[in-house]
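Novice: I am sharing entry_6.pdb, which consists of PDB, C-alpha atoms and all ligand atoms:
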```pdb
ATOM      1  CA  MET A   1       0.000   0.000   0.000
ATOM      2  CA  LYS A   2       2.833   2.412   0.914
ATOM      3  CA  LYS A   3       4.234   2.542  -2.606
ATOM      4  CA  PHE A   4       0.819   3.655  -3.913
ATOM      5  CA  GLU A   5      -0.037   6.231  -1.264
ATOM      6  CA  GLY A   6       1.161   9.311  -3.186
ATOM      7  CA  ILE A   7      -0.641   8.175  -6.357
ATOM      8  CA  ILE A   8      -3.827   7.385  -4.414
ATOM      9  CA  ILE A   9      -3.935  10.780  -2.667
ATOM     10  CA  ASN A  10      -3.422  12.507  -6.000
ATOM     11  CA  ASN A  11      -6.155  10.397  -7.661
ATOM     12  CA  LEU A  12      -8.625  11.170  -4.883
ATOM     13  CA  LYS A  13      -7.900  14.890  -5.202
ATOM     14  CA  ASN A  14      -8.594  14.736  -8.964
ATOM     15  CA  LEU A  15     -11.764  12.676  -8.493
ATOM     16  CA  GLN A  16     -13.042  15.127  -5.876
ATOM     17  CA  GLU A  17     -12.495  18.008  -8.259
ATOM     18  CA  MET A  18     -14.390  16.168 -11.033
ATOM     19  CA  GLU A  19     -17.275  15.353  -8.708
ATOM     20  CA  ASN A  20     -17.444  18.988  -7.532
ATOM     21  CA  ASN A  21     -17.613  20.123 -11.160
ATOM     22  CA  ASN A  22     -20.161  17.455 -12.179
ATOM     23  CA  ILE A  23     -17.840  16.040 -14.813
ATOM     24  CA  ARG A  24     -18.903  12.793 -16.490
ATOM     25  CA  ILE A  25     -15.981  10.444 -16.036
ATOM     26  CA  CYS A  26     -14.583   7.360 -17.711
ATOM     27  CA  PHE A  27     -12.829   5.739 -14.785
ATOM     28  CA  ALA A  28     -10.168   3.342 -16.058
ATOM     29  CA  GLY A  29      -7.912   0.796 -14.416
ATOM     30  CA  VAL A  30      -7.462  -2.956 -14.080
ATOM     31  CA  PRO A  31      -9.160  -4.302 -10.917
ATOM     32  CA  ALA A  32      -5.800  -5.080  -9.275
ATOM     33  CA  VAL A  33      -4.844  -1.389  -9.169
ATOM     34  CA  ILE A  34      -8.312  -0.124  -8.174
ATOM     35  CA  LEU A  35      -8.462  -2.315  -5.042
ATOM     36  CA  PRO A  36      -5.702  -0.431  -3.131
ATOM     37  CA  LEU A  37      -7.549   2.832  -3.943
ATOM     38  CA  VAL A  38     -10.841   1.404  -2.640
ATOM     39  CA  SER A  39      -9.217   0.100   0.513
ATOM     40  CA  TYR A  40      -7.720   3.569   1.200
ATOM     41  CA  MET A  41     -11.157   5.136   0.587
ATOM     42  CA  LYS A  42     -12.724   2.685   3.061
ATOM     43  CA  LYS A  43     -10.229   3.751   5.735
ATOM     44  CA  LYS A  44     -11.020   7.423   5.097
ATOM     45  CA  ASN A  45     -14.756   6.707   4.787
ATOM     46  CA  LYS A  46     -14.768   8.352   1.349
ATOM     47  CA  LYS A  47     -17.298   7.707  -1.429
ATOM     48  CA  PHE A  48     -18.018   9.399  -4.758
ATOM     49  CA  ASN A  49     -21.165   9.646  -6.824
ATOM     50  CA  PHE A  50     -20.410   9.374 -10.537
ATOM     51  CA  SER A  51     -23.785   7.872 -11.433
ATOM     52  CA  ASN A  52     -23.438   8.774 -15.142
ATOM     53  CA  GLY A  53     -19.818   7.600 -15.317
ATOM     54  CA  ILE A  54     -18.280   4.623 -17.078
ATOM     55  CA  TYR A  55     -15.815   2.156 -15.626
ATOM     56  CA  TRP A  56     -13.290   0.671 -18.053
ATOM     57  CA  THR A  57     -11.175  -2.283 -16.910
ATOM     58  CA  GLY A  58      -9.175  -2.436 -20.143
ATOM     59  CA  GLY A  59      -7.990  -5.811 -21.330
ATOM     60  CA  GLY A  60      -9.393  -7.902 -18.521
ATOM     61  CA  GLY A  61      -7.789 -10.177 -15.978
ATOM     62  CA  TRP A  62      -9.268 -10.611 -12.531
ATOM     63  CA  LYS A  63      -6.376 -11.215 -10.156
ATOM     64  CA  THR A  64      -5.071  -9.176  -7.221
ATOM     65  CA  LEU A  65      -1.451  -7.989  -7.195
ATOM     66  CA  ASP A  66      -0.546 -11.099  -5.187
ATOM     67  CA  GLY A  67      -2.319 -13.428  -7.620
ATOM     68  CA  ARG A  68      -5.640 -14.090  -5.850
ATOM     69  CA  GLU A  69      -8.859 -14.395  -7.857
ATOM     70  CA  ILE A  70     -11.136 -11.296  -7.823
ATOM     71  CA  ASN A  71     -14.856 -12.070  -7.896
ATOM     72  CA  LYS A  72     -16.294  -9.975 -10.743
ATOM     73  CA  ASN A  73     -19.752  -9.433  -9.220
ATOM     74  CA  ASP A  74     -18.367  -8.456  -5.811
ATOM     75  CA  PHE A  75     -15.907  -6.096  -7.463
ATOM     76  CA  LEU A  76     -18.567  -4.374  -9.603
ATOM     77  CA  LYS A  77     -20.692  -3.999  -6.459
ATOM     78  CA  THR A  78     -17.712  -2.322  -4.757
ATOM     79  CA  ILE A  79     -17.329   0.032  -7.738
ATOM     80  CA  TYR A  80     -21.007   0.960  -7.437
ATOM     81  CA  GLU A  81     -20.803   1.490  -3.682
ATOM     82  CA  HIS A  82     -17.647   3.625  -3.798
ATOM     83  CA  PHE A  83     -17.952   5.467  -7.114
ATOM     84  CA  GLY A  84     -21.674   5.267  -7.894
ATOM     85  CA  ILE A  85     -20.929   3.635 -11.278
ATOM     86  CA  LYS A  86     -23.559   1.023 -12.191
ATOM     87  CA  LYS A  87     -22.556  -2.461 -13.349
ATOM     88  CA  GLU A  88     -24.281  -1.805 -16.717
ATOM     89  CA  SER A  89     -21.725   0.976 -17.223
ATOM     90  CA  TRP A  90     -18.752  -1.345 -16.896
ATOM     91  CA  ARG A  91     -16.810  -1.998 -20.102
ATOM     92  CA  GLU A  92     -14.014  -4.433 -20.820
ATOM     93  CA  ALA A  93     -12.189  -5.493 -23.968
ATOM     94  CA  TYR A  94     -11.370  -9.083 -24.785
ATOM     95  CA  MET A  95      -9.064 -10.435 -27.434
ATOM     96  CA  ALA A  96      -6.016 -12.584 -28.028
ATOM     97  CA  ALA A  97      -2.659 -10.778 -28.059
ATOM     98  CA  GLU A  98      -2.238 -12.018 -31.674
ATOM     99  CA  SER A  99      -5.235  -9.979 -32.874
ATOM    100  CA  ASN A 100      -5.398  -6.318 -33.913
ATOM    101  CA  LEU A 101      -9.113  -6.121 -33.088
ATOM    102  CA  TRP A 102     -11.009  -6.020 -29.791
ATOM    103  CA  ALA A 103     -14.377  -7.321 -28.697
ATOM    104  CA  VAL A 104     -15.900  -4.843 -26.213
ATOM    105  CA  ASN A 105     -18.681  -5.868 -23.847
ATOM    106  CA  CYS A 106     -22.108  -4.214 -23.861
ATOM    107  CA  GLU A 107     -24.341  -3.321 -20.899
ATOM    108  CA  GLY A 108     -25.335  -7.010 -20.649
ATOM    109  CA  HIS A 109     -21.597  -7.860 -20.514
ATOM    110  CA  TYR A 110     -21.587  -9.873 -23.782
ATOM    111  CA  PHE A 111     -18.462  -9.310 -25.879
ATOM    112  CA  HIS A 112     -19.373  -8.097 -29.378
ATOM    113  CA  VAL A 113     -16.958  -9.489 -31.967
ATOM    114  CA  PRO A 114     -15.927  -6.674 -34.372
ATOM    115  CA  SER A 115     -17.210  -7.170 -37.924
ATOM    116  CA  PRO A 116     -13.904  -7.679 -39.825
ATOM    117  CA  MET A 117     -13.191 -10.698 -37.627
ATOM    118  CA  TYR A 118     -14.677 -14.154 -38.256
ATOM    119  CA  PRO A 119     -14.989 -16.123 -34.994
ATOM    120  CA  PHE A 120     -15.184 -19.892 -34.428
ATOM    121  CA  VAL A 121     -15.569 -22.187 -31.499
ATOM    122  CA  LEU A 122     -13.727 -25.502 -31.922
ATOM    123  CA  ASP A 123     -14.080 -28.963 -30.413
ATOM    124  CA  ASP A 124     -11.189 -31.176 -29.220
ATOM    125  CA  GLU A 125     -10.547 -32.292 -32.827
ATOM    126  CA  MET A 126     -10.291 -28.613 -33.949
ATOM    127  CA  GLU A 127     -13.599 -28.926 -35.828
ATOM    128  CA  PRO A 128     -15.931 -25.884 -35.799
ATOM    129  CA  LEU A 129     -19.020 -26.140 -33.583
ATOM    130  CA  LEU A 130     -22.414 -24.484 -34.060
ATOM    131  CA  TYR A 131     -23.431 -21.161 -32.523
ATOM    132  CA  GLY A 132     -24.498 -21.684 -28.916
ATOM    133  CA  SER A 133     -21.650 -24.144 -28.306
ATOM    134  CA  GLU A 134     -18.819 -23.862 -25.852
ATOM    135  CA  GLY A 135     -15.245 -24.723 -26.795
ATOM    136  CA  ARG A 136     -11.882 -23.354 -27.865
ATOM    137  CA  PHE A 137     -11.987 -19.846 -29.351
ATOM    138  CA  ALA A 138     -10.449 -19.339 -32.806
ATOM    139  CA  PHE A 139     -10.809 -16.567 -35.378
ATOM    140  CA  LEU A 140      -9.818 -15.223 -38.777
ATOM    141  CA  ASP A 141      -8.325 -11.739 -38.559
ATOM    142  CA  PRO A 142      -7.897 -10.104 -42.003
ATOM    143  CA  SER A 143      -5.949  -7.186 -40.523
ATOM    144  CA  ALA A 144      -2.875  -9.299 -39.686
ATOM    145  CA  ASN A 145      -0.166  -8.775 -42.321
ATOM    146  CA  SER A 146       3.048 -10.069 -40.734
ATOM    147  CA  TYR A 147       1.655 -13.551 -40.030
ATOM    148  CA  PRO A 148      -1.354 -15.567 -41.244
ATOM    149  CA  GLY A 149      -4.463 -14.309 -39.449
ATOM    150  CA  PHE A 150      -5.788 -17.800 -38.670
ATOM    151  CA  ILE A 151      -5.557 -17.854 -34.889
ATOM    152  CA  VAL A 152      -6.428 -20.637 -32.450
ATOM    153  CA  THR A 153      -6.419 -19.458 -28.817
ATOM    154  CA  GLU A 154      -6.175 -21.230 -25.466
ATOM    155  CA  ASP A 155      -9.411 -19.603 -24.248
ATOM    156  CA  LYS A 156     -12.681 -21.401 -23.634
ATOM    157  CA  VAL A 157     -15.717 -19.413 -24.795
ATOM    158  CA  LYS A 158     -19.378 -19.725 -25.703
ATOM    159  CA  LEU A 159     -20.151 -18.196 -29.106
ATOM    160  CA  LEU A 160     -23.648 -16.869 -29.904
ATOM    161  CA  ASP A 161     -24.886 -15.516 -33.255
ATOM    162  CA  TYR A 162     -26.748 -12.622 -31.588
ATOM    163  CA  CYS A 163     -26.619 -10.785 -28.266
ATOM    164  CA  PRO A 164     -29.318 -11.862 -25.779
ATOM    165  CA  SER A 165     -28.993  -8.512 -24.034
ATOM    166  CA  CYS A 166     -28.914  -5.722 -26.644
ATOM    167  CA  ASP A 167     -29.816  -5.243 -30.312
ATOM    168  CA  ARG A 168     -26.341  -4.450 -31.581
ATOM    169  CA  PRO A 169     -25.227  -6.867 -34.312
ATOM    170  CA  GLY A 170     -23.660 -10.201 -33.295
ATOM    171  CA  PRO A 171     -21.897 -12.533 -33.048
ATOM    172  CA  VAL A 172     -21.011 -12.297 -29.370
ATOM    173  CA  LEU A 173     -19.018 -14.202 -26.788
ATOM    174  CA  ALA A 174     -20.768 -14.972 -23.496
ATOM    175  CA  PRO A 175     -19.347 -13.047 -20.502
ATOM    176  CA  GLU A 176     -17.673 -16.076 -18.871
ATOM    177  CA  ILE A 177     -14.359 -16.635 -20.666
ATOM    178  CA  THR A 178     -11.913 -19.069 -19.078
ATOM    179  CA  ARG A 179      -8.602 -20.691 -20.024
ATOM    180  CA  MET A 180      -8.578 -24.155 -21.588
ATOM    181  CA  PRO A 181      -7.388 -26.849 -19.146
ATOM    182  CA  GLY A 182      -3.594 -26.720 -18.785
ATOM    183  CA  ALA A 183      -3.210 -23.273 -20.440
ATOM    184  CA  GLU A 184      -0.968 -20.677 -18.799
ATOM    185  CA  VAL A 185      -2.751 -17.729 -17.094
ATOM    186  CA  ARG A 186      -2.363 -14.568 -19.177
ATOM    187  CA  GLY A 187      -4.137 -11.223 -19.627
ATOM    188  CA  CYS A 188      -3.428  -7.514 -19.265
ATOM    189  CA  ALA A 189      -4.137  -7.491 -15.524
ATOM    190  CA  ALA A 190      -1.715 -10.353 -14.886
ATOM    191  CA  ALA A 191       0.996  -8.485 -16.829
ATOM    192  CA  MET A 192       0.201  -5.224 -14.996
ATOM    193  CA  ALA A 193       0.254  -6.977 -11.604
ATOM    194  CA  LYS A 194       3.728  -8.341 -12.394
ATOM    195  CA  VAL A 195       5.038  -4.864 -13.341
ATOM    196  CA  ILE A 196       3.591  -3.270 -10.186
ATOM    197  CA  SER A 197       4.851  -6.014  -7.875
ATOM    198  CA  GLU A 198       8.363  -5.406  -9.263
ATOM    199  CA  MET A 199       8.182  -1.635  -8.636
ATOM    200  CA  GLU A 200      10.574  -0.200  -6.049
ATOM    201  CA  GLU A 201       9.116   0.568  -2.631
TER
HETATM  202 ZN    ZN A 301     -24.939  -6.846 -26.417
END
```
Do you think you could lay out the structure here as structure tokens?
Specialist:
Amino acid sequence: MKKFEGIIINNLKNLQEMENNNIRICFAGVPAVILPLVSYMKKKNKKFNFSNGIYWTGGGGWKTLDGREINKNDFLKTIYEHFGIKKESWREAYMAAESNLWAVNCEGHYFHVPSPMYPFVLDDEMEPLLYGSEGRFAFLDPSANSYPGFIVTEDKVKLLDYCPSCDRPGPVLAPEITRMPGAEVRGCAAAMAKVISEMEE
């Protein structure tokens, strides 16, 4: 906590100024770096009300700085309680590091696959499954030009041909995305947690 204290105090000062001036905010940060801020706010009994704000967690990853799992629902509840930002206003991007495109989640938390990309879900024999199935995520990415854009990931997803929550065009990936059995844990938050844990005191 000590190594963050200066940053936290500065952040709180900026947030207070934005709240005083009724500024609509897009609050951004991976969960692992927001938790120390929230815990400081709890100690100081401080809460904000950014009810028209957006919370952006970036590229996903739900681990604390010391590698513990963060429960998504509990965390979004904490964001609501301390910043007034509703869970429908939470946005996250999902994609493989090998892709140039992102799928961003909607208010129902389904990840909308961007139109230039062609997604698949594969079975254990690498055969494509029908929409509504769960399996290994793969995609064609026409924007890749330094390697063939035929990517098979180590993520387990459920692919749907339309979003059950909003009327934006599909296909979508269901909110629960996990790693295939035996795959290494990756993600922006895991990388960020490693960088922060290596920072000097
Ligand atoms: Zn949607």
Novice: Specify as a list in words each residue included when the PyMOL selection byres (((not hetatm)) within 8 of (chain A and resi 301)) is applied to this file.
Specialist: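 That expression, the PyMOL selection byres (((not hetatm)) within 8 of (chain A and resi 301)), corresponds here to Asn105, Cys106, Glu107, Gly108, His109, Tyr110, Phe111, His112, Tyr162, Cys163, Pro164, Ser165, Cys166, Asp167, Arg168, Pro169, Gly170 and Val172 of chain A.
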Novice: Identify all residues satisfying the PyMOL selection byres (((chain A and resi 84-93) around 7) and not hetatm) in the given file; provide them as a list of chain:residue names.
Specialist: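 Taken over the shown coordinates, the PyMOL selection byres (((chain A and resi 84-93) around 7) and not hetatm) returns A:Phe48, A:Asn49, A:Phe50, A:Ser51, A:Asn52, A:Gly53, A:Ile54, A:Tyr55, A:Trp56, A:Thr57, A:Gly58, A:Gly59, A:Gly60, A:Leu76, A:Ile79, A:Tyr80, A:Glu81, A:His82, A:Phe83, A:Tyr94, A:Met95, A:Trp102, A:Ala103, A:Val104, A:Asn105, A:Cys106, A:Glu107, A:Gly108.
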Novice: For Asp155 of chain A, list every protein, DNA or RNA residue within 10 Å, evaluated using all atoms listed in the file, and leave out those in the same chain fewer than 4 positions away; present the list as a ChimeraX atom specification.
Specialist: /A:95-96,121,135-138,177-181,183,185
Novice: Atoms to include: C-alpha atoms. Write the selected residues as a PDB file, keeping the file's coordinate frame.
Specialist:
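After the write, out30.pdb holds the following:
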```pdb
ATOM      1  CA  MET A  95      -9.064 -10.435 -27.434  1.00  0.00           C
ATOM      2  CA  ALA A  96      -6.016 -12.584 -28.028  1.00  0.00           C
ATOM      3  CA  VAL A 121     -15.569 -22.187 -31.499  1.00  0.00           C
ATOM      4  CA  GLY A 135     -15.245 -24.723 -26.795  1.00  0.00           C
ATOM      5  CA  ARG A 136     -11.882 -23.354 -27.865  1.00  0.00           C
ATOM      6  CA  PHE A 137     -11.987 -19.846 -29.351  1.00  0.00           C
ATOM      7  CA  ALA A 138     -10.449 -19.339 -32.806  1.00  0.00           C
ATOM      8  CA  ILE A 177     -14.359 -16.635 -20.666  1.00  0.00           C
ATOM      9  CA  THR A 178     -11.913 -19.069 -19.078  1.00  0.00           C
ATOM     10  CA  ARG A 179      -8.602 -20.691 -20.024  1.00  0.00           C
ATOM     11  CA  MET A 180      -8.578 -24.155 -21.588  1.00  0.00           C
ATOM     12  CA  PRO A 181      -7.388 -26.849 -19.146  1.00  0.00           C
ATOM     13  CA  ALA A 183      -3.210 -23.273 -20.440  1.00  0.00           C
ATOM     14  CA  VAL A 185      -2.751 -17.729 -17.094  1.00  0.00           C
TER      15      VAL A 185
END
```
Novice: Grab the atom CA of Leu37 of chain A to atom CA of Gln16 of chain A distance for me, in Å with one decimal place.
Specialist: 13.6 Å
Novice: What's around Thr64 of chain A at 8 Å? Count all atoms listed in the file, leave out sequence neighbours fewer than 3 positions away in its own chain, and write the answer as an MDAnalysis selection string.
Specialist: chainID A and resid 31:32 35 67:70 193
Novice: How many Å lie between atom CA of Asp74 of chain A and atom CA of Val157 of chain A, rounded to one decimal?
Specialist: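 It comes out at 22.1 Å.
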